[in-house]
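Student: Structure incoming, see below.
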Amino acid sequence: MNWNDYYLWAALVLLIEVFYHFIKQRTLWDKNSRVFVEIVILGILHCLLGIGMTRLQMLQIEVKNEVILALAAGHYLVNTAIPFEMLRFTLTMCDDYERQERRITRVGLVMWLTGAILILASIRTGFVSLAENVLPRSGMFFDMYSAFLMIYFTFNLCFLMRIRKLLGKEEIKAFLEANAIVGLGLFSQQYLHIQLFFGFAMAIAILVIYILVKNPHAYMDEETLVFNEHYFRIWMRDRKNHWKGSLLVIDFYNLESINFIYSGDQKLIVKIAGQLNELKGNLPMFRVAPGRFVLCSQGGKELDSLTQKLERWLERGGVYSGKNYVKCRALVTEVQLLRIEDIKELKAYTDFLVNYALTREYSKTLYDSAELKKRFDYEMEIEHFLNTAVEQDLFQVWYQPIYSMERKGYVSLEGLSRLKHPALGWISPELFIKIAVKNGWSTKITQLQLEKVCRFIKDNESALQGIHNIKINLSPCELLETGYCEKLLAIIRENAIPFSRIQFEITETTATQYTKETFDFIKTLQMAGVGLCLDDFGSGYANLNTVLRLPYSTVKIDRSLLQGICDSPQKADFYKDLFGIIKKQGFSVVAEGVETEPEAKLLSGWNIDLFQGYYFSKPLPEEELIPLLRKEN
């Protein structure tokens, strides 16, 4: 065997192995996978043509030089096609590849044709000659061709750097390595005269892509062995514009609690996946979240049949554990792809539908509709605007006074963030706070609010003489952010406001999630002289032990405890004793959500002094609050 083809034989074996294992693995034939197979086939063809050239020379078979030159032409034409296919492969990894595909394909074809013309020119003009037992030696056009290929791979690298933000870090790393290996192989073959080394380098580059990007584990969920979220994005990206089907999103929202009491050899989610596999038949299924699966259907009777199967399965009891059925609650939501613009919106929309269904206590199936899509579009517009509002500080602070029966006037205020959309009007605080927490903006919003509160105190000292403090809400995520407490204290300090004029409110839910970070945060506030208020007491599961654990000065009674107290003596007696115990421990008690005169009189008779609610005042902007405070005080 001629030493010149050693590298090609090794590359051929390697590429055949990659081709075999990739075809064997469970993949759906998305465009990216098809292009990868084309690259592997081109690599195999490159090796076969190169081996054919060297074998004909080695065996000294009586053939015309034109035959070997024809094999050489095919060999190098394949070389020219490989960077073009690698460019297409990289492009199909982008979510928006269809928008760029036509332009990039044109550029790639022009470059491929340029390389092909240079190769054919080398053959036709005789600038390529043959030497015994070696490859065709280069002439002027062949040297131009080699330089051109180096430029081609450099272009690919530049394109990679341009789209690096559209790809994951691992994908970028793999593509950079692959292009660098191929470029090094080309340089070594042409300028270091390592014969046929380019084919071996290309095989190594394809192996790198297979291992880091296209291996089975990149597409499969390791726990359930169904397709994962990463592959769902790839698969849906290819089908968005021409696939008219629907998705069935199955969300097992009580999976965590069921897992806590479930015992068995396998995890419950593995058995769920197995039984869903039996129900779905040949339809693609993806696991896109810990307790969420997506089934893809063409719609019509197929969709109706699948939905009915799932409903019967859930009604029957759900997951069979070997001895009995484990009751798993799940929501089945249908999503029509025609309503969705891109993969990111699809994920957001399915999240919205599941959360909407949970708030409405749906137990079986929620079907997609124009009304739900309109609600979703509204929330997406609010989320987009909220991002701008955080960057440009478009928030207002309104204040709801707290009334003292003893002093017959207002003694405290609660600062509340408000936001107005230029076209949609006032946005529900519950909505924009939920969106802010989801996107990690709540800490910034609280800092903006605190800045405004501090300026409000400085600018209105005379009107606020009777106001002891202004309360500001903190969300759970704010208590866990390292260094956040110091940022809040720095704002107060920079505005020269006494720390005692600010009181932070922590909800009952936050208080029950007691952690070291929570304790350290609150301890720092206490040492600085900032007061702490427990908000919404009675809305969840907090008990007196929760109240006593942290150094609160004030406890706010949630509105839910006050409902019906004027009509139920038994209920009234119970809460009278409860509030009395809290007051005996030295806490100030604020009755929140007081809306009627009978409620105010009853609570006042229980020696509760502080009231917050619409009966005394609704939240007011600064320009309406100041005249009210001057009048009352």
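FYI, nothing fancy with the structure tokens labels: chains A, B, ... in order, residues from 1 per chain, ligands from 1 as they appear.
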In segment 413-586 of chain A, what's strand (DSSP E or B) per DSSP? Answer as an MDAnalysis selection string?

Tutor: chainID A and resid 413:418 420:421 425:426 469:474 502:507 531:537 554:557

Student: Keeping only N, CA, C and O atoms, write the selected residues as a short mmCIF file (atom, residue, chain, number, x, y, z; two decimals), in the first residue's frame.

Tutor:
data_model
loop_
_atom_site.label_atom_id
_atom_site.label_comp_id
_atom_site.auth_asym_id
_atom_site.auth_seq_id
_atom_site.Cartn_x
_atom_site.Cartn_y
_atom_site.Cartn_z
N LEU A 413 -47.46 55.06 56.25
CA LEU A 413 -47.84 54.91 54.84
C LEU A 413 -47.22 53.63 54.29
O LEU A 413 -46.16 53.20 54.75
N GLU A 414 -47.90 53.06 53.32
CA GLU A 414 -47.29 51.95 52.57
C GLU A 414 -47.03 52.42 51.14
O GLU A 414 -47.95 52.87 50.44
N GLY A 415 -45.76 52.34 50.71
CA GLY A 415 -45.40 52.73 49.36
C GLY A 415 -45.68 51.59 48.38
O GLY A 415 -45.26 50.46 48.60
N LEU A 416 -46.39 51.91 47.30
CA LEU A 416 -46.81 50.90 46.32
C LEU A 416 -46.39 51.36 44.92
O LEU A 416 -46.72 52.47 44.51
N SER A 417 -45.68 50.51 44.20
CA SER A 417 -45.25 50.86 42.84
C SER A 417 -46.43 50.78 41.88
O SER A 417 -47.25 49.87 41.95
N ARG A 418 -46.50 51.74 40.99
CA ARG A 418 -47.54 51.78 39.97
C ARG A 418 -46.87 52.04 38.62
O ARG A 418 -45.85 52.72 38.53
N LYS A 420 -47.83 52.74 34.31
CA LYS A 420 -48.84 53.03 33.29
C LYS A 420 -48.26 52.83 31.90
O LYS A 420 -47.24 53.43 31.55
N HIS A 421 -48.92 51.98 31.12
CA HIS A 421 -48.51 51.75 29.73
C HIS A 421 -49.05 52.89 28.87
O HIS A 421 -50.19 53.33 29.05
N GLY A 425 -52.79 51.71 29.32
CA GLY A 425 -53.23 52.29 30.59
C GLY A 425 -52.53 51.65 31.77
O GLY A 425 -51.45 51.07 31.66
N TRP A 426 -53.17 51.79 32.93
CA TRP A 426 -52.59 51.30 34.18
C TRP A 426 -52.48 49.77 34.16
O TRP A 426 -53.42 49.08 33.77
N ASN A 469 -43.31 56.15 59.80
CA ASN A 469 -42.48 55.44 58.83
C ASN A 469 -43.27 55.18 57.54
O ASN A 469 -44.50 55.32 57.52
N ILE A 470 -42.54 54.80 56.51
CA ILE A 470 -43.14 54.39 55.24
C ILE A 470 -42.70 52.96 54.96
O ILE A 470 -41.52 52.64 55.02
N LYS A 471 -43.67 52.11 54.68
CA LYS A 471 -43.42 50.68 54.50
C LYS A 471 -43.21 50.35 53.01
O LYS A 471 -43.90 50.87 52.14
N ILE A 472 -42.25 49.45 52.76
CA ILE A 472 -41.92 49.01 51.40
C ILE A 472 -41.84 47.49 51.40
O ILE A 472 -41.20 46.90 52.27
N ASN A 473 -42.46 46.86 50.43
CA ASN A 473 -42.48 45.40 50.34
C ASN A 473 -41.18 44.85 49.75
O ASN A 473 -40.61 45.42 48.82
N LEU A 474 -40.74 43.72 50.30
CA LEU A 474 -39.60 42.98 49.76
C LEU A 474 -40.08 41.60 49.31
O LEU A 474 -40.86 40.95 50.01
N ILE A 502 -37.97 54.21 57.57
CA ILE A 502 -38.26 53.17 56.58
C ILE A 502 -38.56 51.87 57.32
O ILE A 502 -37.87 51.50 58.27
N GLN A 503 -39.59 51.19 56.86
CA GLN A 503 -39.91 49.86 57.40
C GLN A 503 -40.18 48.91 56.23
O GLN A 503 -40.98 49.20 55.36
N PHE A 504 -39.46 47.81 56.20
CA PHE A 504 -39.62 46.83 55.12
C PHE A 504 -40.64 45.76 55.51
O PHE A 504 -40.63 45.27 56.65
N GLU A 505 -41.49 45.42 54.56
CA GLU A 505 -42.51 44.39 54.78
C GLU A 505 -42.08 43.08 54.12
O GLU A 505 -41.67 43.07 52.96
N ILE A 506 -42.21 42.00 54.88
CA ILE A 506 -41.93 40.66 54.37
C ILE A 506 -43.19 39.83 54.50
O ILE A 506 -43.80 39.78 55.56
N THR A 507 -43.60 39.20 53.40
CA THR A 507 -44.86 38.46 53.42
C THR A 507 -44.76 37.22 54.29
O THR A 507 -43.65 36.70 54.56
N GLY A 531 -36.97 49.18 60.62
CA GLY A 531 -38.02 48.33 61.15
C GLY A 531 -38.43 47.24 60.18
O GLY A 531 -38.19 47.30 58.98
N LEU A 532 -39.10 46.21 60.73
CA LEU A 532 -39.55 45.07 59.94
C LEU A 532 -41.01 44.78 60.25
O LEU A 532 -41.41 44.76 61.42
N CYS A 533 -41.77 44.52 59.17
CA CYS A 533 -43.20 44.26 59.33
C CYS A 533 -43.54 42.93 58.65
O CYS A 533 -43.11 42.67 57.52
N LEU A 534 -44.29 42.07 59.36
CA LEU A 534 -44.79 40.82 58.77
C LEU A 534 -46.10 41.12 58.06
O LEU A 534 -47.09 41.51 58.68
N ASP A 535 -46.10 40.92 56.74
CA ASP A 535 -47.27 41.26 55.92
C ASP A 535 -48.11 40.01 55.66
O ASP A 535 -47.60 38.89 55.64
N ASP A 536 -49.42 40.22 55.47
CA ASP A 536 -50.35 39.16 55.05
C ASP A 536 -50.44 38.02 56.06
O ASP A 536 -50.63 36.86 55.69
N PHE A 537 -50.31 38.31 57.35
CA PHE A 537 -50.43 37.24 58.35
C PHE A 537 -51.84 36.64 58.29
O PHE A 537 -52.84 37.34 58.34
N THR A 554 -44.02 45.02 63.71
CA THR A 554 -45.42 45.18 63.30
C THR A 554 -45.90 43.92 62.60
O THR A 554 -45.14 43.30 61.85
N VAL A 555 -47.17 43.55 62.85
CA VAL A 555 -47.79 42.42 62.17
C VAL A 555 -49.05 42.92 61.47
O VAL A 555 -49.92 43.52 62.12
N LYS A 556 -49.14 42.68 60.16
CA LYS A 556 -50.32 43.07 59.40
C LYS A 556 -51.25 41.86 59.25
O LYS A 556 -50.83 40.81 58.77
N ILE A 557 -52.51 42.05 59.65
CA ILE A 557 -53.49 40.99 59.55
C ILE A 557 -54.09 40.98 58.14
O ILE A 557 -54.58 42.01 57.66
#

Student: Counting only C-alpha atoms, what is within 10 Å of segment 103-111 of chain A, bar same-chain residues fewer than 5 positions away, as a PyMOL selection string?

Tutor: chain A and resi 80-81+83-85+87-88+91+97-98+116-117+148-149+151-152+155-156+159

Student: Please identify all polymer residues within 10 Å of Arg407 of chain A, counting only C-alpha atoms, omitting same-chain residues fewer than 3 positions from it, and present them as a VMD selection string.

Tutor: chain A and resid 403 to 404 410 to 411 466 609 to 610 633

Student: With only C-alpha atoms as the counted atoms, please give the residues lying no more than 10 Å from Lys583 of chain A, apart from itself and same-chain residues fewer than 4 positions off, as a list in words.

Tutor: Thr554, Val555, Asp577, Leu578, Phe579, Phe587, Ser588, Val589, Asn607 and Ile608 of chain A

Student: Write out as a list in words each polymer residue whose atoms come within 8 Å of segment 33-45 of chain A, counting only C-alpha atoms; drop sequence neighbours fewer than 5 positions from it.

Tutor: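 In the requested format, the answer is Leu12, Leu15, Ile16, Val18, Phe19, His75, Val78, Ala81, Ile82, Glu85, Met86, Arg88, Phe89, Gly199, Met202, Ala203, Ile206 and Lys214 of chain A.
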
Student: Given the selection you just returned, output its residues as a file containing N, CA, C and O atoms, formatted as a PDB file, in the first residue's frame.

Tutor:
ATOM      1  N   LEU A  12     -11.480   6.985   6.470  1.00  0.00           N
ATOM      2  CA  LEU A  12     -12.635   6.250   5.946  1.00  0.00           C
ATOM      3  C   LEU A  12     -13.270   5.380   7.026  1.00  0.00           C
ATOM      4  O   LEU A  12     -14.501   5.369   7.187  1.00  0.00           O
ATOM      5  N   LEU A  15     -15.082   7.627   9.550  1.00  0.00           N
ATOM      6  CA  LEU A  15     -16.326   8.225   9.035  1.00  0.00           C
ATOM      7  C   LEU A  15     -17.435   7.187   8.895  1.00  0.00           C
ATOM      8  O   LEU A  15     -18.602   7.484   9.160  1.00  0.00           O
ATOM      9  N   ILE A  16     -17.083   5.975   8.507  1.00  0.00           N
ATOM     10  CA  ILE A  16     -18.097   4.916   8.415  1.00  0.00           C
ATOM     11  C   ILE A  16     -18.669   4.608   9.794  1.00  0.00           C
ATOM     12  O   ILE A  16     -19.877   4.390   9.950  1.00  0.00           O
ATOM     13  N   VAL A  18     -18.890   6.745  12.357  1.00  0.00           N
ATOM     14  CA  VAL A  18     -19.760   7.866  12.714  1.00  0.00           C
ATOM     15  C   VAL A  18     -21.092   7.758  11.973  1.00  0.00           C
ATOM     16  O   VAL A  18     -22.167   7.937  12.566  1.00  0.00           O
ATOM     17  N   PHE A  19     -21.026   7.439  10.679  1.00  0.00           N
ATOM     18  CA  PHE A  19     -22.240   7.317   9.870  1.00  0.00           C
ATOM     19  C   PHE A  19     -23.146   6.207  10.417  1.00  0.00           C
ATOM     20  O   PHE A  19     -24.363   6.396  10.566  1.00  0.00           O
ATOM     21  N   HIS A  75     -12.111  14.464  -6.468  1.00  0.00           N
ATOM     22  CA  HIS A  75     -11.607  14.533  -5.083  1.00  0.00           C
ATOM     23  C   HIS A  75     -11.580  15.977  -4.586  1.00  0.00           C
ATOM     24  O   HIS A  75     -12.061  16.275  -3.485  1.00  0.00           O
ATOM     25  N   VAL A  78     -15.056  17.696  -4.245  1.00  0.00           N
ATOM     26  CA  VAL A  78     -15.675  17.330  -2.959  1.00  0.00           C
ATOM     27  C   VAL A  78     -15.094  18.191  -1.845  1.00  0.00           C
ATOM     28  O   VAL A  78     -15.807  18.657  -0.959  1.00  0.00           O
ATOM     29  N   ALA A  81     -16.858  21.353  -1.686  1.00  0.00           N
ATOM     30  CA  ALA A  81     -18.228  21.284  -1.177  1.00  0.00           C
ATOM     31  C   ALA A  81     -18.280  21.180   0.343  1.00  0.00           C
ATOM     32  O   ALA A  81     -19.270  21.572   0.962  1.00  0.00           O
ATOM     33  N   ILE A  82     -17.221  20.660   0.964  1.00  0.00           N
ATOM     34  CA  ILE A  82     -17.254  20.419   2.415  1.00  0.00           C
ATOM     35  C   ILE A  82     -17.401  21.720   3.215  1.00  0.00           C
ATOM     36  O   ILE A  82     -18.259  21.807   4.107  1.00  0.00           O
ATOM     37  N   GLU A  85     -20.983  22.880   2.980  1.00  0.00           N
ATOM     38  CA  GLU A  85     -21.906  22.099   3.809  1.00  0.00           C
ATOM     39  C   GLU A  85     -21.726  22.420   5.292  1.00  0.00           C
ATOM     40  O   GLU A  85     -22.698  22.456   6.048  1.00  0.00           O
ATOM     41  N   MET A  86     -20.506  22.666   5.718  1.00  0.00           N
ATOM     42  CA  MET A  86     -20.273  23.047   7.117  1.00  0.00           C
ATOM     43  C   MET A  86     -20.904  24.406   7.414  1.00  0.00           C
ATOM     44  O   MET A  86     -21.412  24.638   8.520  1.00  0.00           O
ATOM     45  N   ARG A  88     -23.654  25.543   5.879  1.00  0.00           N
ATOM     46  CA  ARG A  88     -25.093  25.243   5.986  1.00  0.00           C
ATOM     47  C   ARG A  88     -25.424  24.600   7.322  1.00  0.00           C
ATOM     48  O   ARG A  88     -26.441  24.912   7.944  1.00  0.00           O
ATOM     49  N   PHE A  89     -24.558  23.695   7.764  1.00  0.00           N
ATOM     50  CA  PHE A  89     -24.782  23.015   9.037  1.00  0.00           C
ATOM     51  C   PHE A  89     -24.806  24.013  10.193  1.00  0.00           C
ATOM     52  O   PHE A  89     -25.686  23.965  11.064  1.00  0.00           O
ATOM     53  N   GLY A 199      -7.983  15.026   4.291  1.00  0.00           N
ATOM     54  CA  GLY A 199      -9.095  14.091   4.502  1.00  0.00           C
ATOM     55  C   GLY A 199      -9.134  13.571   5.921  1.00  0.00           C
ATOM     56  O   GLY A 199     -10.213  13.432   6.525  1.00  0.00           O
ATOM     57  N   MET A 202     -10.340  16.322   8.188  1.00  0.00           N
ATOM     58  CA  MET A 202     -11.781  16.501   8.029  1.00  0.00           C
ATOM     59  C   MET A 202     -12.550  15.448   8.820  1.00  0.00           C
ATOM     60  O   MET A 202     -13.560  15.727   9.458  1.00  0.00           O
ATOM     61  N   ALA A 203     -12.075  14.198   8.800  1.00  0.00           N
ATOM     62  CA  ALA A 203     -12.732  13.133   9.564  1.00  0.00           C
ATOM     63  C   ALA A 203     -12.688  13.428  11.061  1.00  0.00           C
ATOM     64  O   ALA A 203     -13.678  13.205  11.787  1.00  0.00           O
ATOM     65  N   ILE A 206     -15.292  16.103  11.814  1.00  0.00           N
ATOM     66  CA  ILE A 206     -16.658  15.546  11.842  1.00  0.00           C
ATOM     67  C   ILE A 206     -16.882  14.772  13.133  1.00  0.00           C
ATOM     68  O   ILE A 206     -17.964  14.836  13.739  1.00  0.00           O
ATOM     69  N   LYS A 214     -23.875  16.307  17.917  1.00  0.00           N
ATOM     70  CA  LYS A 214     -24.866  15.423  17.296  1.00  0.00           C
ATOM     71  C   LYS A 214     -24.939  14.026  17.914  1.00  0.00           C
ATOM     72  O   LYS A 214     -25.576  13.138  17.358  1.00  0.00           O
TER      73      LYS A 214
END

Student: With a distance cut-off of 8 Å and only C-alpha atoms, select the neighbouring residues of Gly538 of chain A, excluding the residue or stretch itself and same-chain residues fewer than 5 positions from it, and output the selection as a list in words.

Tutor: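 So, after excluding close chain neighbours, the residues are Glu508, Ile557, Asp558, Ser560 and Leu561 of chain A.
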
Student: Select, from A:Ala591, A:Ile435, A:Leu71, A:Met527, the residue with the minimum atom-to-atom distance to Arg55 of chain A, counting only C-alpha atoms.

Tutor: A:Leu71

Student: For each of A:Leu338, A:Val397, A:Leu550, A:Leu372, take the minimum atom-to-atom distance to Leu525 of chain A, counting only C-alpha atoms, then give the residue where this is smallest.

Tutor: A:Leu550
